[in-house]
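The structure under discussion appears below in the form of structure tokens.
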Amino acid sequence: MLERVRERGAEELYRTIELPLTAVLAAMEDAGVKIDTYRMGEITARLADRLEELEAKAYELADEEFMLGSTQQVARILFEKLQLTPGRKGKTGYSTDTRVLRTIRHEHEIVEVIEEWREYAKLLNTYLQPLPSLISAEDGRLHTHFNQTVASTGRLSTSNPNLQAIPIRTELGKEIRSAFVPETGYRLLSADYSQIELRILAHVSGEPKLREAFARGDDIHTATAVEVLGKDAAQLTSGDRSIAKMINFGIVYGISAFGLSENLEIPREEAQAYIDAYLARFPLVQDFIQRTIEQAKRDGYATSLLGRRRPTPEIRASNRQTRSLGERLAVNFVMQGSNADIIKKAMIAIHRRLRDEGRGARLVLQVHDELLVEVPEAEVGPVKQLVREEMCRAYPLDPPLAVEIGVGDDWSEAKA
DNA sequence: CACTAGTGCAA
DNA sequence: TATTGCACTAGTG
């Protein structure tokens with residue numbers, strides 16, 4: 001197999017990153033993370049009560065009993081029985097997803113009941129009930145599995161349970177995250193790369209406006225809004241910043257007018273105008289996108305900063321839709337794949353130094369641009385410094401990598 | 001039991 | 001018809 005690894009130009013990546021990383025991941029799986037089951041139980045009890053109330057209310061408003069978890073039955077109630085305005089359709093009928101429900105929220109009282117039921121049922125069924133049952137009898141901790149060969153971009157994934165998708169956006173979500181706690185006498189340290197994928201874009205494109213914005217320490221979405229919307233920073237609304245944020249996401253994902261229009265919920269022509277304005281204001285980004293697509297067409301793959309390759313055969317397809325997909329995959333890979341390279345390199349360095357310096361601290365989770373470390377109280381200061389140093393040093397970018405670090409008595413607090 | 005569709009959680 | 005994942009329930013066979 002080593003011969004085939006060589007043929008694909010992957011030997012260095014294999015020897016310096018992927019192979020040494022296996023030991024780090026094994027140690028992390030072995031360490032696991034502590035869960036405050038009492039806190040989980042409190043939230044669960046509260047939610048279970050609320051879910052029953054919502055269920056009763058939904059039956060009353062629909063004047064019949066139905067399965068709130070069944071999209072088919074929900075669609076029948078909303079769009080046949082109650083005659084609400086249908087939105088998009090799927091293979092089997094009307095969609096009842098979040099966006100559709102949001103649109104018809106004011107047509108009938110039952111819609112908000114269903115929305116709220118969905119949110120709570122998700123948290124209960126996916127996190128609050130399954131997680132405690134997965135806690136090891138051996139050490140009382142929760143052990144995930146890190147998959148090293150699943151994601152086509154070189155990212156890690158986690159499974160059984162998927163600890164890379166623990167809620168954070170809603171208040172209730174944050175409460176679930178707060179049940180992830182350190183061992184007695186320890187604290188949790190969360191370190192995440194700030195805007196790493198846009199910094200990689202600034203680096204690989206060499207776009208001066210992006211580089212300078214990062215160098216000045218500007219808020220990158222605000223800086224983008226200033227350029228694309230042509231307003232002074234002082235006149236920007238929070239809506240302007242949100243638009244710029246969605247455009248930046250779009251650039252990282254390999255933008256299309258259709259995709260941006262869907263996400264901003266605006267006409268495709270307006271989305272196209274935003275894209276045109278962006279590319280005109282950041283011309284080196286446009287060059288980078290073009291270069292990346294041409295390379296992928298020629299070589300059959302895109303390449304990350306550390307030489308990882310993603311084959312993109314779609315890019316030579318005769319079907320326009322498939323070809324566009326290939327172009328987006330190639331562009332996105334440069335940023336997502338390089339991000340994966342960099343954080344893996346940092347993990348190896350951190351693991352090694354914690355061991356060599358005789359620290360009691362240990363890596364417990366990686367969430368794509370974040371590392372979670374369990375640290376003895378007495379070591380917090382030096383470990384914080386060590387983690388920042390190794391994460392920043394992993395790959396010298398221009399603009400440089402920036403790392404935000406928080407420490408707390410649970411995962412939610414550490415991220416605040 | 002294996003599979004798909006729809007939905008929604010994370011970065 | 002914007003990138004990468006995992007996992008839940010309902011429903012089919």
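Letters A, B, ... mark the chains of the structure tokens in the order given; residue numbers begin at 1 per chain; ligand numbers begin at 1, in order shown.
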Considering only C-alpha atoms (C1' of nucleotides), give me a table of residues in chain B that are at most 8 Å from chain A, with the closest atom pair and distance in Å for each, as CSV.
```
residue,atom,partner,partner_atom,distance
B:DA5,C1',A:Lys91,CA,7.9
B:DG6,C1',A:Thr71,CA,7.0
B:DT7,C1',A:Asp97,CA,6.7
B:DG8,C1',A:Lys122,CA,7.5
B:DC9,C1',A:Ala165,CA,5.3
B:DA10,C1',A:Ala165,CA,3.6
B:DA11,C1',A:His368,CA,5.8
```
- Do me a favour and pick out the residues of chain C within 6 Å of chain A, using only C-alpha atoms (C1' of nucleotides), as a PyMOL selection string. chain C and resi 1-3+6+10
- Message: According to DSSP computed on the backbone, where in segment 67-126 of chain A is there alpha helix (DSSP H)? Give the residues as a PyMOL selection string.
- Response: chain A and resi 71-75+98-103+109-123
Write a file of the just-selected residues containing C-alpha atoms, as a compact mmCIF listing (two decimals), in the first residue's frame.
```txt
# COMPACT_ATOMS: atom_id res chain seq x y z
CA THR A 71 -43.78 14.54 8.49
CA GLN A 72 -46.52 12.90 6.46
CA GLN A 73 -49.11 13.24 9.20
CA VAL A 74 -48.04 16.80 10.02
CA ALA A 75 -48.36 17.70 6.32
CA THR A 98 -38.28 24.70 9.59
CA ARG A 99 -38.36 27.23 6.78
CA VAL A 100 -41.81 26.22 5.59
CA LEU A 101 -43.18 26.35 9.14
CA ARG A 102 -41.60 29.76 9.76
CA THR A 103 -43.34 31.13 6.66
CA GLU A 109 -51.77 28.68 16.21
CA ILE A 110 -50.77 25.04 15.73
CA VAL A 111 -47.67 25.90 13.68
CA GLU A 112 -45.73 27.36 16.61
CA VAL A 113 -46.74 24.37 18.72
CA ILE A 114 -45.23 22.04 16.14
CA GLU A 115 -42.08 24.17 15.84
CA GLU A 116 -41.54 24.15 19.57
CA TRP A 117 -42.30 20.42 19.81
CA ARG A 118 -39.73 19.69 17.10
CA GLU A 119 -37.01 21.65 18.89
CA TYR A 120 -37.57 19.90 22.20
CA ALA A 121 -38.10 16.43 20.73
CA LYS A 122 -34.82 16.74 18.84
CA LEU A 123 -32.87 17.64 21.97
```
- Exercise: segment 371-384 of chain A partners within 10 Å, only C-alpha atoms (C1' of nucleotides), chain neighbours under 4 positions left out, as a PyMOL selection string: chain A and resi 28+31+33-34+181-193+343+346-347+350+353-354+359-367+388-389+391+405-407+411+414-415
Atoms kept (N, CA and C atoms) for selection, written as a tab-separated table (two decimals), in the first residue's frame:
```tsv
chain	number	residue	atom	x	y	z
A	28	MET	N	-7.34	10.18	22.97
A	28	MET	CA	-8.55	10.97	23.19
A	28	MET	C	-9.77	10.07	23.36
A	31	ALA	N	-9.53	8.64	26.79
A	31	ALA	CA	-9.81	9.61	27.85
A	31	ALA	C	-11.31	9.83	28.02
A	33	VAL	N	-14.97	11.95	27.96
A	33	VAL	CA	-15.32	13.23	28.58
A	33	VAL	C	-16.36	12.98	29.66
A	34	LYS	N	-16.28	13.77	30.75
A	34	LYS	CA	-17.20	13.56	31.87
A	34	LYS	C	-18.53	14.27	31.62
A	181	VAL	N	-18.55	18.36	31.52
A	181	VAL	CA	-17.80	18.97	32.63
A	181	VAL	C	-16.41	18.34	32.80
A	182	PRO	N	-15.53	19.03	33.54
A	182	PRO	CA	-14.21	18.45	33.84
A	182	PRO	C	-14.27	17.58	35.10
A	183	GLU	N	-13.26	16.75	35.27
A	183	GLU	CA	-13.08	15.96	36.49
A	183	GLU	C	-12.86	16.93	37.67
A	184	THR	N	-13.20	16.49	38.87
A	184	THR	CA	-12.94	17.31	40.07
A	184	THR	C	-11.46	17.70	40.11
A	185	GLY	N	-11.21	18.98	40.36
A	185	GLY	CA	-9.83	19.45	40.42
A	185	GLY	C	-9.29	19.87	39.06
A	186	TYR	N	-10.13	19.73	38.03
A	186	TYR	CA	-9.73	20.11	36.67
A	186	TYR	C	-10.65	21.21	36.15
A	187	ARG	N	-10.24	21.81	35.04
A	187	ARG	CA	-11.11	22.75	34.33
A	187	ARG	C	-11.11	22.40	32.85
A	188	LEU	N	-12.10	22.91	32.11
A	188	LEU	CA	-12.13	22.69	30.67
A	188	LEU	C	-11.60	23.92	29.95
A	189	LEU	N	-10.71	23.68	29.01
A	189	LEU	CA	-10.14	24.76	28.20
A	189	LEU	C	-10.58	24.53	26.76
A	190	SER	N	-11.24	25.54	26.19
A	190	SER	CA	-11.66	25.46	24.80
A	190	SER	C	-10.84	26.46	23.98
A	191	ALA	N	-10.17	25.96	22.94
A	191	ALA	CA	-9.35	26.83	22.09
A	191	ALA	C	-9.83	26.70	20.66
A	192	ASP	N	-10.26	27.80	20.06
A	192	ASP	CA	-10.67	27.67	18.67
A	192	ASP	C	-10.01	28.69	17.76
A	193	TYR	N	-9.76	28.22	16.54
A	193	TYR	CA	-9.19	29.08	15.52
A	193	TYR	C	-10.25	30.09	15.10
A	343	ILE	N	-5.14	21.82	11.94
A	343	ILE	CA	-5.52	21.45	13.30
A	343	ILE	C	-4.97	20.08	13.68
A	346	ALA	N	-1.46	20.68	14.78
A	346	ALA	CA	-1.46	21.27	16.12
A	346	ALA	C	-1.75	20.21	17.19
A	347	MET	N	-2.66	19.30	16.90
A	347	MET	CA	-3.00	18.25	17.88
A	347	MET	C	-1.79	17.38	18.21
A	350	ILE	N	0.63	19.44	20.37
A	350	ILE	CA	0.12	19.65	21.72
A	350	ILE	C	0.21	18.37	22.55
A	353	ARG	N	3.84	17.74	23.50
A	353	ARG	CA	4.39	18.64	24.53
A	353	ARG	C	3.76	18.40	25.90
A	354	LEU	N	2.48	18.11	25.93
A	354	LEU	CA	1.84	17.83	27.22
A	354	LEU	C	2.52	16.62	27.87
A	359	ARG	N	2.71	17.15	31.91
A	359	ARG	CA	1.44	17.77	32.31
A	359	ARG	C	0.35	16.73	32.59
A	360	GLY	N	-0.58	17.10	33.47
A	360	GLY	CA	-1.74	16.25	33.72
A	360	GLY	C	-2.88	16.56	32.76
A	361	ALA	N	-2.67	17.59	31.92
A	361	ALA	CA	-3.72	18.00	30.99
A	361	ALA	C	-3.80	17.03	29.81
A	362	ARG	N	-5.02	16.87	29.26
A	362	ARG	CA	-5.16	15.99	28.09
A	362	ARG	C	-6.23	16.50	27.13
A	363	LEU	N	-5.97	16.26	25.84
A	363	LEU	CA	-6.95	16.57	24.81
A	363	LEU	C	-8.14	15.65	24.99
A	364	VAL	N	-9.35	16.19	24.89
A	364	VAL	CA	-10.52	15.31	24.95
A	364	VAL	C	-11.40	15.33	23.70
A	365	LEU	N	-11.52	16.50	23.05
A	365	LEU	CA	-12.34	16.55	21.83
A	365	LEU	C	-11.73	17.48	20.79
A	366	GLN	N	-12.04	17.19	19.53
A	366	GLN	CA	-11.73	18.11	18.44
A	366	GLN	C	-13.01	18.33	17.66
A	367	VAL	N	-13.36	19.59	17.42
A	367	VAL	CA	-14.57	19.91	16.67
A	367	VAL	C	-14.21	20.82	15.49
A	388	ARG	N	-2.03	27.74	22.83
A	388	ARG	CA	-2.05	28.86	21.90
A	388	ARG	C	-0.82	28.83	21.00
A	389	GLU	N	0.31	28.61	21.60
A	389	GLU	CA	1.58	28.61	20.87
A	389	GLU	C	1.56	27.55	19.76
A	391	MET	N	-1.01	25.91	18.42
A	391	MET	CA	-2.05	26.09	17.40
A	391	MET	C	-1.64	27.17	16.40
A	405	ILE	N	-9.20	31.52	23.30
A	405	ILE	CA	-9.19	30.51	24.35
A	405	ILE	C	-10.07	30.94	25.52
A	406	GLY	N	-10.87	30.00	26.00
A	406	GLY	CA	-11.67	30.25	27.19
A	406	GLY	C	-11.52	29.08	28.15
A	407	VAL	N	-11.71	29.36	29.43
A	407	VAL	CA	-11.59	28.32	30.45
A	407	VAL	C	-12.84	28.36	31.31
A	411	TRP	N	-18.37	22.98	29.39
A	411	TRP	CA	-18.00	23.28	28.00
A	411	TRP	C	-18.62	24.60	27.52
A	414	ALA	N	-16.68	27.48	29.02
A	414	ALA	CA	-15.34	27.60	28.43
A	414	ALA	C	-15.38	28.31	27.09
A	415	LYS	N	-16.52	28.23	26.40
A	415	LYS	CA	-16.62	28.86	25.08
A	415	LYS	C	-17.09	30.31	25.16
```
- Computed interatomic separation between atom CA of Gln129 of chain A and atom C1' of DG11 of chain C (Å):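 Interatomic distance here is 23.0 Å.
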- Message: Among segment 88-241 of chain A, which residues does DSSP mark as strand (DSSP E) when it is run on the backbone? Keep the chain and numbering as in the structure and answer as a VMD selection string.
- Response: chain A and resid 141 to 142 145 to 147 157 to 159 180 to 181 186 to 193
- Message: Quick check, in Å to one decimal: how far apart do atom CA of Met1 of chain A and atom CA of Tyr14 of chain A lie?
- Response: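 Atom-to-atom, atom CA of Met1 of chain A to atom CA of Tyr14 of chain A, that is 11.7 Å.
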- Message: Using Å and a single decimal, report how far atom CA of Glu60 of chain A sits from atom CA of Ile104 of chain A.
- Response: 19.0 Å
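Within 12 Å of DT12 of chain C, once only C-alpha atoms (C1' of nucleotides) are used and residues closer than 6 positions along the same chain are dropped, the contacting residues are DA2, DC3, DT4 and DA5 of chain B.
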Write the residues you've just listed into a file as a tab-separated table (two decimals), in the first residue's frame, and include N, CA and C atoms (P, O5', C5', C4', C3', O3' and C1' of nucleotides) for each of them.
```
chain	number	residue	atom	x	y	z
B	2	DA	P	-29.39	-5.57	9.37
B	2	DA	O5'	-30.00	-4.96	8.03
B	2	DA	C5'	-30.29	-5.81	6.92
B	2	DA	C4'	-30.78	-4.97	5.77
B	2	DA	C3'	-29.96	-3.69	5.55
B	2	DA	O3'	-29.78	-3.53	4.15
B	2	DA	C1'	-32.22	-3.12	5.93
B	3	DC	P	-28.73	-2.37	3.62
B	3	DC	O5'	-29.73	-1.21	3.21
B	3	DC	C5'	-30.64	-1.43	2.15
B	3	DC	C4'	-31.75	-0.43	2.22
B	3	DC	C3'	-31.30	1.03	2.23
B	3	DC	O3'	-31.33	1.54	0.91
B	3	DC	C1'	-33.21	0.62	3.62
B	4	DT	P	-30.87	3.10	0.66
B	4	DT	O5'	-32.25	3.89	0.79
B	4	DT	C5'	-33.37	3.50	-0.01
B	4	DT	C4'	-34.51	4.47	0.24
B	4	DT	C3'	-34.09	5.94	0.10
B	4	DT	O3'	-35.08	6.60	-0.68
B	4	DT	C1'	-35.03	5.58	2.24
B	5	DA	P	-34.87	8.13	-1.12
B	5	DA	O5'	-35.76	8.86	-0.01
B	5	DA	C5'	-37.15	8.54	0.08
B	5	DA	C4'	-37.79	9.47	1.07
B	5	DA	C3'	-37.35	10.94	0.93
B	5	DA	O3'	-38.53	11.73	0.97
B	5	DA	C1'	-36.95	10.18	3.15
```
